[in-house]
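A.B. asks: Have a peek at final.txt (compact mmCIF, C-alpha atoms).
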# COMPACT_ATOMS: atom_id res chain seq x y z
CA MET A 1381 201.36 30.26 285.68
CA LEU A 1382 201.08 32.97 283.03
CA THR A 1383 199.62 36.46 283.07
CA THR A 1384 196.32 37.28 281.40
CA ARG A 1385 198.19 39.65 279.10
CA ALA A 1386 200.67 36.99 277.98
CA ILE A 1387 197.95 34.44 277.31
CA LEU A 1388 195.81 36.87 275.34
CA GLU A 1389 198.73 38.09 273.24
CA ARG A 1390 199.80 34.53 272.36
CA LEU A 1391 196.27 33.37 271.51
CA GLN A 1392 195.43 36.48 269.53
CA ALA A 1393 198.60 36.11 267.45
CA ALA A 1394 197.72 32.47 266.75
CA ALA A 1395 194.07 33.19 265.97
CA ALA A 1396 195.13 35.95 263.56
CA LEU A 1397 196.43 33.19 261.28
CA ALA A 1398 192.86 31.91 260.93
CA TYR A 1399 190.61 34.94 261.50
CA PRO A 1400 190.45 38.64 260.60
CA ALA A 1401 192.12 40.81 263.26
CA PRO A 1402 189.04 41.95 265.23
CA GLU A 1403 187.66 38.41 265.27
CA ALA A 1404 191.03 37.01 266.35
CA GLN A 1405 190.97 39.29 269.38
CA ALA A 1406 187.42 38.19 270.20
CA VAL A 1407 188.37 34.51 269.92
CA ALA A 1408 191.34 34.97 272.28
CA ARG A 1409 189.20 36.80 274.83
CA TRP A 1410 186.41 34.23 274.51
CA TYR A 1411 188.81 31.41 275.28
CA VAL A 1412 190.23 33.08 278.38
CA MET A 1413 186.84 34.18 279.69
CA ALA A 1414 185.28 30.75 279.22
CA ARG A 1415 188.28 28.79 280.47
CA PHE A 1416 188.98 30.87 283.57
CA GLY A 1417 185.57 32.30 284.44
CA ARG A 1418 186.45 35.92 283.78
CA ASN A 1419 184.44 38.68 282.12
CA GLN A 1420 185.74 41.26 279.68
CA ALA A 1421 185.99 44.00 282.32
CA GLN A 1422 188.19 41.74 284.46
CA LEU A 1423 190.46 40.98 281.51
CA LEU A 1424 191.00 44.69 280.92
CA ALA A 1425 191.32 45.63 284.60
CA ARG A 1426 193.69 42.82 285.62
CA PRO A 1427 196.11 42.18 282.73
CA ASP A 1428 198.85 40.99 285.09
CA GLU A 1429 196.71 38.46 286.95
CA LEU A 1430 198.37 35.06 286.99
CA LEU A 1431 196.23 32.27 285.55
CA PRO A 1432 196.82 28.51 285.93
CA LEU A 1433 198.15 27.80 282.44
CA GLU A 1434 201.62 26.62 281.48
CA ASN A 1435 203.55 27.38 278.31
CA ASN A 1436 203.28 23.86 276.90
CA GLU A 1437 199.48 23.84 277.10
CA LEU A 1438 199.27 27.41 275.82
CA ASN A 1439 201.33 26.46 272.77
CA LEU A 1440 199.03 23.52 272.04
CA ILE A 1441 195.93 25.73 272.27
CA ALA A 1442 197.58 28.30 270.01
CA GLU A 1443 198.36 25.61 267.43
CA GLN A 1444 194.74 24.48 267.45
CA LEU A 1445 193.43 28.00 266.87
CA ALA A 1446 196.01 28.69 264.15
CA ALA A 1447 194.87 25.50 262.40
CA HIS A 1448 191.33 26.93 262.20
CA GLU A 1449 189.91 24.63 264.87
CA PRO A 1450 186.76 26.25 266.31
CA VAL A 1451 187.34 27.77 269.73
CA GLN A 1452 184.34 25.79 271.01
CA TYR A 1453 186.11 22.53 270.16
CA VAL A 1454 189.33 23.78 271.74
CA LEU A 1455 187.41 24.55 274.93
CA GLY A 1456 185.30 21.41 274.62
CA ARG A 1457 182.08 23.31 275.26
CA ALA A 1458 179.76 25.92 273.80
CA PRO A 1459 177.11 28.21 275.30
CA PHE A 1460 173.41 27.71 274.59
CA MET A 1461 170.47 29.41 276.28
CA GLY A 1462 172.63 30.39 279.26
CA TRP A 1463 174.02 26.89 279.76
CA GLU A 1464 177.19 25.21 278.56
CA PHE A 1465 177.10 22.10 276.41
CA ALA A 1466 179.93 19.72 275.70
CA VAL A 1467 180.93 19.72 272.04
CA GLY A 1468 183.69 18.20 269.99
CA PRO A 1469 184.51 16.91 266.51
CA GLY A 1470 181.53 14.99 265.21
CA VAL A 1471 179.01 17.28 266.91
CA LEU A 1472 177.55 20.44 265.40
CA ILE A 1473 178.30 23.60 267.39
CA PRO A 1474 175.08 25.25 268.67
CA ARG A 1475 174.25 28.53 266.94
CA PRO A 1476 172.36 31.65 268.09
CA GLU A 1477 169.68 30.97 265.44
CA THR A 1478 168.90 27.69 267.18
CA GLU A 1479 168.52 29.55 270.47
CA GLU A 1480 165.90 31.67 268.70
CA LEU A 1481 164.12 28.47 267.65
CA VAL A 1482 163.90 27.29 271.25
CA GLU A 1483 162.89 30.72 272.57
CA LYS A 1484 160.05 31.13 270.06
CA LEU A 1485 158.91 27.54 270.53
CA LEU A 1486 158.73 27.91 274.31
CA ALA A 1487 156.82 31.18 273.93
CA GLN A 1488 154.27 29.85 271.43
CA TRP A 1489 153.81 26.13 272.10
CA PRO A 1490 151.01 25.64 274.64
CA GLY A 1491 151.48 21.92 275.06
CA PRO A 1492 148.61 19.44 275.02
CA ALA A 1493 145.18 20.25 276.39
CA ALA A 1494 145.41 17.35 278.83
CA GLY A 1495 148.05 15.01 280.16
CA PRO A 1496 151.85 15.29 280.14
CA PRO A 1497 153.33 16.32 276.77
CA THR A 1498 155.56 14.19 274.56
CA ALA A 1499 158.14 15.74 272.23
CA LEU A 1500 160.66 14.43 269.72
CA GLU A 1501 163.76 16.14 268.39
CA VAL A 1502 165.17 14.73 265.13
CA GLY A 1503 168.91 15.23 264.66
CA THR A 1504 169.79 16.17 268.22
CA GLY A 1505 173.54 16.69 267.80
CA SER A 1506 174.86 17.97 271.14
CA GLY A 1507 171.37 17.60 272.60
CA CYS A 1508 171.09 21.32 273.25
CA ILE A 1509 167.47 21.60 272.05
CA ALA A 1510 166.23 18.42 273.72
CA VAL A 1511 167.99 19.10 277.02
CA THR A 1512 166.75 22.68 277.18
CA LEU A 1513 163.16 21.68 276.44
CA ALA A 1514 163.31 18.87 279.01
CA ALA A 1515 164.51 21.37 281.59
CA GLN A 1516 161.98 24.08 280.72
CA VAL A 1517 158.71 22.15 280.14
CA PRO A 1518 157.29 20.53 283.28
CA GLY A 1519 156.40 16.86 282.89
CA LEU A 1520 157.73 16.65 279.34
CA ARG A 1521 158.64 13.24 277.97
CA MET A 1522 161.51 14.18 275.67
CA LEU A 1523 162.75 11.86 272.92
CA ALA A 1524 165.72 12.68 270.70
CA THR A 1525 167.36 10.93 267.76
CA ASP A 1526 170.51 11.14 265.68
CA ILE A 1527 172.30 8.92 263.18
CA SER A 1528 175.72 9.69 264.69
CA PRO A 1529 177.04 7.59 267.60
CA ALA A 1530 179.42 10.43 268.52
CA ALA A 1531 176.55 12.92 268.67
CA LEU A 1532 174.39 10.60 270.77
CA ALA A 1533 177.24 10.02 273.22
CA THR A 1534 177.76 13.77 273.60
CA ALA A 1535 174.03 14.42 273.94
CA ARG A 1536 173.76 11.82 276.71
CA GLN A 1537 176.71 13.47 278.45
CA ASN A 1538 174.98 16.86 278.29
CA ALA A 1539 171.67 15.51 279.58
CA ALA A 1540 173.47 13.93 282.52
CA ALA A 1541 175.44 17.11 283.23
CA HIS A 1542 172.24 19.15 283.35
CA GLN A 1543 170.35 16.44 285.25
CA VAL A 1544 167.42 16.10 282.86
CA ALA A 1545 165.73 13.01 281.46
CA VAL A 1546 165.91 12.58 277.69
CA GLU A 1547 165.44 9.31 275.82
CA PHE A 1548 168.13 9.19 273.12
CA LEU A 1549 167.82 6.76 270.22
CA ALA A 1550 169.74 6.05 267.01
CA HIS A 1551 167.46 6.67 264.04
CA ASP A 1552 167.67 7.83 260.42
CA VAL A 1553 164.54 9.81 259.56
CA LEU A 1554 165.30 9.60 255.84
CA ALA A 1555 165.44 5.81 255.83
CA HIS A 1556 162.93 4.70 258.44
CA PRO A 1557 159.44 5.93 259.33
CA LEU A 1558 158.38 6.51 262.93
CA THR A 1559 155.68 3.85 262.91
CA ALA A 1560 156.67 2.30 266.25
CA TRP A 1561 157.01 5.63 268.07
CA PRO A 1562 154.50 7.13 270.52
CA GLU A 1563 152.12 9.90 269.55
CA LEU A 1564 153.66 13.34 269.85
CA ASP A 1565 152.58 16.82 270.88
CA LEU A 1566 155.71 18.43 269.47
CA LEU A 1567 158.22 17.58 266.74
CA VAL A 1568 161.29 19.81 266.48
CA SER A 1569 164.39 19.69 264.31
CA ASN A 1570 167.37 21.68 263.12
CA PRO A 1571 168.16 19.34 260.21
CA PRO A 1572 170.95 19.60 257.62
CA TYR A 1573 169.97 22.38 255.21
CA VAL A 1574 173.13 23.93 253.74
CA THR A 1575 173.45 23.13 250.04
CA GLU A 1576 176.71 21.79 248.64
CA GLN A 1577 177.12 24.89 246.49
CA GLU A 1578 177.13 27.07 249.62
CA LYS A 1579 180.39 25.52 250.80
CA ALA A 1580 182.25 28.21 248.85
CA GLU A 1581 180.86 30.80 251.30
CA MET A 1582 181.90 28.95 254.46
CA THR A 1583 184.99 29.16 256.64
CA ARG A 1584 187.56 26.47 257.27
CA GLN A 1585 186.44 26.40 260.92
CA VAL A 1586 183.20 24.85 259.66
CA LEU A 1587 184.37 22.90 256.62
CA ASP A 1588 187.42 21.28 258.20
CA TYR A 1589 185.95 20.40 261.58
CA GLU A 1590 182.14 20.29 261.88
CA PRO A 1591 180.36 17.12 260.70
CA ALA A 1592 179.26 17.35 257.07
CA THR A 1593 176.35 14.99 257.70
CA ALA A 1594 174.86 17.53 260.12
CA LEU A 1595 175.24 20.42 257.68
CA PHE A 1596 174.90 19.60 254.00
CA VAL A 1597 172.22 18.50 251.57
CA PRO A 1598 172.48 17.95 247.80
CA ASN A 1599 171.91 20.93 245.53
CA HIS A 1600 169.22 18.99 243.66
CA ASP A 1601 167.27 18.03 246.80
CA PRO A 1602 167.71 20.73 249.44
CA LEU A 1603 164.41 20.04 251.26
CA ARG A 1604 164.80 16.27 251.63
CA PHE A 1605 164.79 16.42 255.43
CA TYR A 1606 161.72 18.67 255.56
CA ALA A 1607 159.76 16.20 253.45
CA ALA A 1608 160.73 13.42 255.87
CA LEU A 1609 159.84 15.58 258.86
CA ALA A 1610 156.48 16.46 257.30
CA ARG A 1611 155.71 12.76 256.86
CA ALA A 1612 156.73 12.09 260.45
CA ALA A 1613 154.60 14.98 261.70
CA ARG A 1614 151.54 13.80 259.83
CA ALA A 1615 152.04 10.25 261.10
CA LYS A 1616 152.76 10.98 264.75
CA LEU A 1617 151.57 14.43 265.85
CA ARG A 1618 148.31 14.50 267.76
CA PRO A 1619 145.63 16.89 266.45
CA GLY A 1620 146.83 20.41 267.20
CA GLY A 1621 150.39 19.25 267.74
CA GLN A 1622 153.15 21.44 266.36
CA LEU A 1623 156.16 21.03 264.11
CA TRP A 1624 159.05 23.50 264.54
CA VAL A 1625 162.07 23.50 262.19
CA GLU A 1626 165.08 25.66 261.51
CA ILE A 1627 165.55 26.34 257.80
CA ASN A 1628 167.86 27.68 255.12
CA GLU A 1629 167.01 31.34 254.58
CA ARG A 1630 166.98 30.73 250.81
CA PHE A 1631 164.09 28.28 250.99
CA GLY A 1632 161.54 29.89 253.30
CA PRO A 1633 158.49 29.94 250.98
CA ALA A 1634 159.50 26.62 249.41
CA THR A 1635 159.61 25.00 252.85
CA THR A 1636 156.20 26.29 253.88
CA GLU A 1637 154.73 25.13 250.55
CA LEU A 1638 156.22 21.67 251.03
CA LEU A 1639 154.80 21.32 254.55
CA ALA A 1640 151.38 22.48 253.36
CA SER A 1641 151.48 19.99 250.49
CA HIS A 1642 151.84 17.21 253.07
CA GLY A 1643 148.69 18.37 254.84
CA LEU A 1644 150.15 20.38 257.70
CA ARG A 1645 148.12 23.43 258.68
CA GLN A 1646 149.24 27.08 258.50
CA PRO A 1647 153.00 26.70 257.98
CA THR A 1648 154.29 30.01 259.30
CA LEU A 1649 157.67 31.62 258.64
CA HIS A 1650 159.55 33.36 261.45
CA ARG A 1651 162.53 35.61 260.83
CA ASP A 1652 165.68 35.61 262.93
CA LEU A 1653 167.25 38.68 264.55
CA SER A 1654 169.03 39.43 261.27
CA GLY A 1655 165.70 39.60 259.44
CA LYS A 1656 166.26 36.33 257.55
CA ASP A 1657 163.70 33.57 257.12
CA ARG A 1658 164.93 31.05 259.69
CA LEU A 1659 162.11 29.12 261.39
CA VAL A 1660 158.89 27.45 260.33
CA GLN A 1661 156.04 26.49 262.62
CA ALA A 1662 153.19 24.26 261.45
CA TRP A 1663 150.24 22.42 262.99
CA GLN A 1664 148.71 19.00 262.70
CA PRO A 1665 145.05 19.38 261.63
Take the structure I supplied and represent it as structure tokens, if you would.
C.D. replies:
Amino acid sequence: MLTTRAILERLQAAAALAYPAPEAQAVARWYVMARFGRNQAQLLARPDELLPLENNELNLIAEQLAAHEPVQYVLGRAPFMGWEFAVGPGVLIPRPETEELVEKLLAQWPGPAAGPPTALEVGTGSGCIAVTLAAQVPGLRMLATDISPAALATARQNAAAHQVAVEFLAHDVLAHPLTAWPELDLLVSNPPYVTEQEKAEMTRQVLDYEPATALFVPNHDPLRFYAALARAARAKLRPGGQLWVEINERFGPATTELLASHGLRQPTLHRDLSGKDRLVQAWQP
């Protein structure tokens, strides 16, 4: 057993080797709050509270943080839309921008005029989008794909933990069309969209640990996934069905132009809370 103060001091010192000082403090507090179910006020009010953590385990956690491992991987879970999702190496960590995607989609997607809706998520990763939609939309038949066996295993684990039904399938949208799939009312994706040249702007927490296949696209073809998603939308969305995608802020107008060139109606840009182009919504004619 160690005190809250001792744990925070050790983790903050370790995190300071990988993060700027204010962020190192936030990472240490995040770990303790998430691991032991405390809030920030409790950390400050009860610094001498004994927590069930031994020195050997604390040293291992500190080594992981000092080596730039994301705190979400160290914990084995990440928050999303008020829930926790299992994550680990091989699975992209859910981001706040993706929460905005789900929030806007739920607010603006009316579902089909008749009958239970069917939705597909391409590139499900941890399953956070698919699981949340399955939980929030009554009667939804939710399908989700990924090319990564590790991601699909984690997504299935998250669906089971949250007790929702999602049909997970291995599929590469770049290589194979969706010809055998059912008609859809909704197609949603947060595909890889970071260009290779943007790696220079990214931290080691991302570059050394998160899966490159879920993040990066070639500099010469940054919209390759959006072209594939546009083809899938045109092939499988019912009339009036919607496509929702998260995008690279640098390619907002280019993405809407590409979707329109494939025959999708009214591709519409939505900005995130930072004022950056981040989401596109489009309709099947």
A.B. asks: Name all residues at most 9 Å from A:Leu1486 (count all atoms listed in the file; drop same-chain ones fewer than 4 positions away) and give them as a list in words.
C.D. replies: Leu1481, Val1482, Pro1490, Leu1513, Gln1516 and Val1517 of chain A
A.B. asks: Using C-alpha atoms, can you export the residues from the last selection as a PDB file, in the frame of the given file?
C.D. replies:
ATOM      1  CA  LEU A1481     164.120  28.470 267.650  1.00  0.00           C
ATOM      2  CA  VAL A1482     163.900  27.290 271.250  1.00  0.00           C
ATOM      3  CA  PRO A1490     151.010  25.640 274.640  1.00  0.00           C
ATOM      4  CA  LEU A1513     163.160  21.680 276.440  1.00  0.00           C
ATOM      5  CA  GLN A1516     161.980  24.080 280.720  1.00  0.00           C
ATOM      6  CA  VAL A1517     158.710  22.150 280.140  1.00  0.00           C
TER       7      VAL A1517
END
A.B. asks: May I have the protein, DNA and RNA residues with an atom at most 12 Å from (190.4, 26.8, 254.4), counting only C-alpha atoms in the file's coordinates, returned as a tab-separated table (two decimals) with C-alpha atoms, keeping the file's coordinate frame?
C.D. replies:
chain	number	residue	atom	x	y	z
A	1397	LEU	CA	196.43	33.19	261.28
A	1398	ALA	CA	192.86	31.91	260.93
A	1399	TYR	CA	190.61	34.94	261.50
A	1446	ALA	CA	196.01	28.69	264.15
A	1447	ALA	CA	194.87	25.50	262.40
A	1448	HIS	CA	191.33	26.93	262.20
A	1449	GLU	CA	189.91	24.63	264.87
A	1579	LYS	CA	180.39	25.52	250.80
A	1580	ALA	CA	182.25	28.21	248.85
A	1581	GLU	CA	180.86	30.80	251.30
A	1582	MET	CA	181.90	28.95	254.46
A	1583	THR	CA	184.99	29.16	256.64
A	1584	ARG	CA	187.56	26.47	257.27
A	1585	GLN	CA	186.44	26.40	260.92
A	1586	VAL	CA	183.20	24.85	259.66
A	1587	LEU	CA	184.37	22.90	256.62
A	1588	ASP	CA	187.42	21.28	258.20
A	1589	TYR	CA	185.95	20.40	261.58
A.B. asks: Pick from A:Arg1426, A:Arg1611, A:Lys1484, A:Arg1409: nearest to A:His1650, with only C-alpha atoms counted?
C.D. replies: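 Result for the nearest residue to A:His1650: A:Lys1484.
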A.B. asks: Need to verify the contact set: stretch 1567-1569 of chain A, 6 Å, only C-alpha atoms, exclusion of same-chain residues closer than 2 positions in sequence. Can you return it as an mmCIF file with C-alpha atoms, keeping the file's coordinate frame?
C.D. replies:
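Just written: part-v5.cif:
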data_model
loop_
_atom_site.group_PDB
_atom_site.id
_atom_site.type_symbol
_atom_site.label_atom_id
_atom_site.label_comp_id
_atom_site.auth_asym_id
_atom_site.auth_seq_id
_atom_site.Cartn_x
_atom_site.Cartn_y
_atom_site.Cartn_z
ATOM 1 C CA ALA A 1499 158.140 15.740 272.230
ATOM 2 C CA LEU A 1500 160.660 14.430 269.720
ATOM 3 C CA GLU A 1501 163.760 16.140 268.390
ATOM 4 C CA VAL A 1502 165.170 14.730 265.130
ATOM 5 C CA PRO A 1571 168.160 19.340 260.210
ATOM 6 C CA LEU A 1623 156.160 21.030 264.110
ATOM 7 C CA TRP A 1624 159.050 23.500 264.540
ATOM 8 C CA VAL A 1625 162.070 23.500 262.190
#
A.B. asks: Here is a test: counting all atoms listed in the file, which residue of A:Val1412, A:Leu1424, A:Ala1393, A:Val1553 is nearest to A:Leu1445?
C.D. replies: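 Checking each of A:Val1412, A:Leu1424, A:Ala1393, A:Val1553 against A:Leu1445, counting all atoms listed in the file, the winner is A:Ala1393.
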A.B. asks: Residues within 8 Å of stretch 1534-1537 of chain A, please, as a PDB file with C-alpha atoms, in the frame of the given file. Count only C-alpha atoms; anything in the same chain fewer than 5 positions from it doesn't count.
C.D. replies:
ATOM      1  CA  ALA A1466     179.930  19.720 275.700  1.00  0.00           C
ATOM      2  CA  VAL A1467     180.930  19.720 272.040  1.00  0.00           C
ATOM      3  CA  VAL A1471     179.010  17.280 266.910  1.00  0.00           C
ATOM      4  CA  THR A1504     169.790  16.170 268.220  1.00  0.00           C
ATOM      5  CA  GLY A1505     173.540  16.690 267.800  1.00  0.00           C
ATOM      6  CA  SER A1506     174.860  17.970 271.140  1.00  0.00           C
ATOM      7  CA  GLY A1507     171.370  17.600 272.600  1.00  0.00           C
ATOM      8  CA  CYS A1508     171.090  21.320 273.250  1.00  0.00           C
ATOM      9  CA  VAL A1546     165.910  12.580 277.690  1.00  0.00           C
ATOM     10  CA  PHE A1548     168.130   9.190 273.120  1.00  0.00           C
TER      11      PHE A1548
END
A.B. asks: Go through A:Asn1419, A:Thr1478, A:Gln1452, A:Thr1384 one by one, measure the shortest atom-to-atom distance of each to A:Leu1659 using only C-alpha atoms, and give the residue with the smallest value.
C.D. replies: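 For A:Leu1659, the nearest of the candidates is A:Thr1478.
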A.B. asks: Smallest atom-to-atom distance to A:Gly1632: which of A:Val1660, A:Leu1532, A:Ala1607, A:Val1407, using all atoms listed in the file?
C.D. replies: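 Among A:Val1660, A:Leu1532, A:Ala1607, A:Val1407, it is A:Val1660 that comes nearest to A:Gly1632.
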A.B. asks: Using all atoms listed in the file, which protein or nucleic acid residues come within 12 Å of A:Gly1491? Drop anything in the same chain fewer than 3 positions from it, and give the result as a count of residues only.
C.D. replies: 27
A.B. asks: Suppose you want the space between atom CA of A:Leu1523 and atom CA of A:Leu1639; what is it in Å?
C.D. replies: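 That distance, rounded to one decimal, is 22.1 Å.
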A.B. asks: Return as lines of an AutoDock Vina configuration file the box centre and box size in Å, one decimal, for an axis-aligned box around all listed atoms of stretch 1624-1638 of chain A padded by 6 Å per side.
C.D. replies:
center_x = 161.3
center_y = 26.5
center_z = 257.0
size_x = 25.1
size_y = 21.7
size_z = 27.1
A.B. asks: Could you list as a PyMOL selection string every residue that has an atom within 12 Å of (153.6, 6.3, 263.1), using the file's coordinates and counting all atoms listed in the file?
C.D. replies: chain A and resi 1556-1564+1609+1611-1618
A.B. asks: Identify which of the residues A:Asn1439, A:Ser1528, A:Thr1635, A:Asn1570 lies closest to A:Asp1552, counting all atoms listed in the file when measuring atom-to-atom distances.
C.D. replies: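 For A:Asp1552, the nearest of the given residues is A:Ser1528.
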A.B. asks: How far is it from atom CA of A:Glu1637 to atom CA of A:Leu1649, in Å with one decimal?
C.D. replies: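 Calculated distance between atom CA of A:Glu1637 and atom CA of A:Leu1649 is 10.8 Å.
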A.B. asks: Compare A:Gln1444, A:Thr1593, A:Ala1425, A:Asn1628 by their minimum atom-to-atom distance to A:Glu1578, counting all atoms listed in the file, and give me the closest one.
C.D. replies: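 Among the listed residues, the smallest separation from A:Glu1578 belongs to A:Asn1628.
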A.B. asks: Report the distance between atom CA of A:Ala1530 and atom CA of A:Gly1470 in Å, rounded to one decimal place.
C.D. replies: 6.0 Å
A.B. asks: So which residues touch A:His1551 within 6 Å, counting all atoms listed in the file, skipping near sequence neighbours fewer than 3 positions away, as a ChimeraX atom specification?
C.D. replies: /A:1525-1527
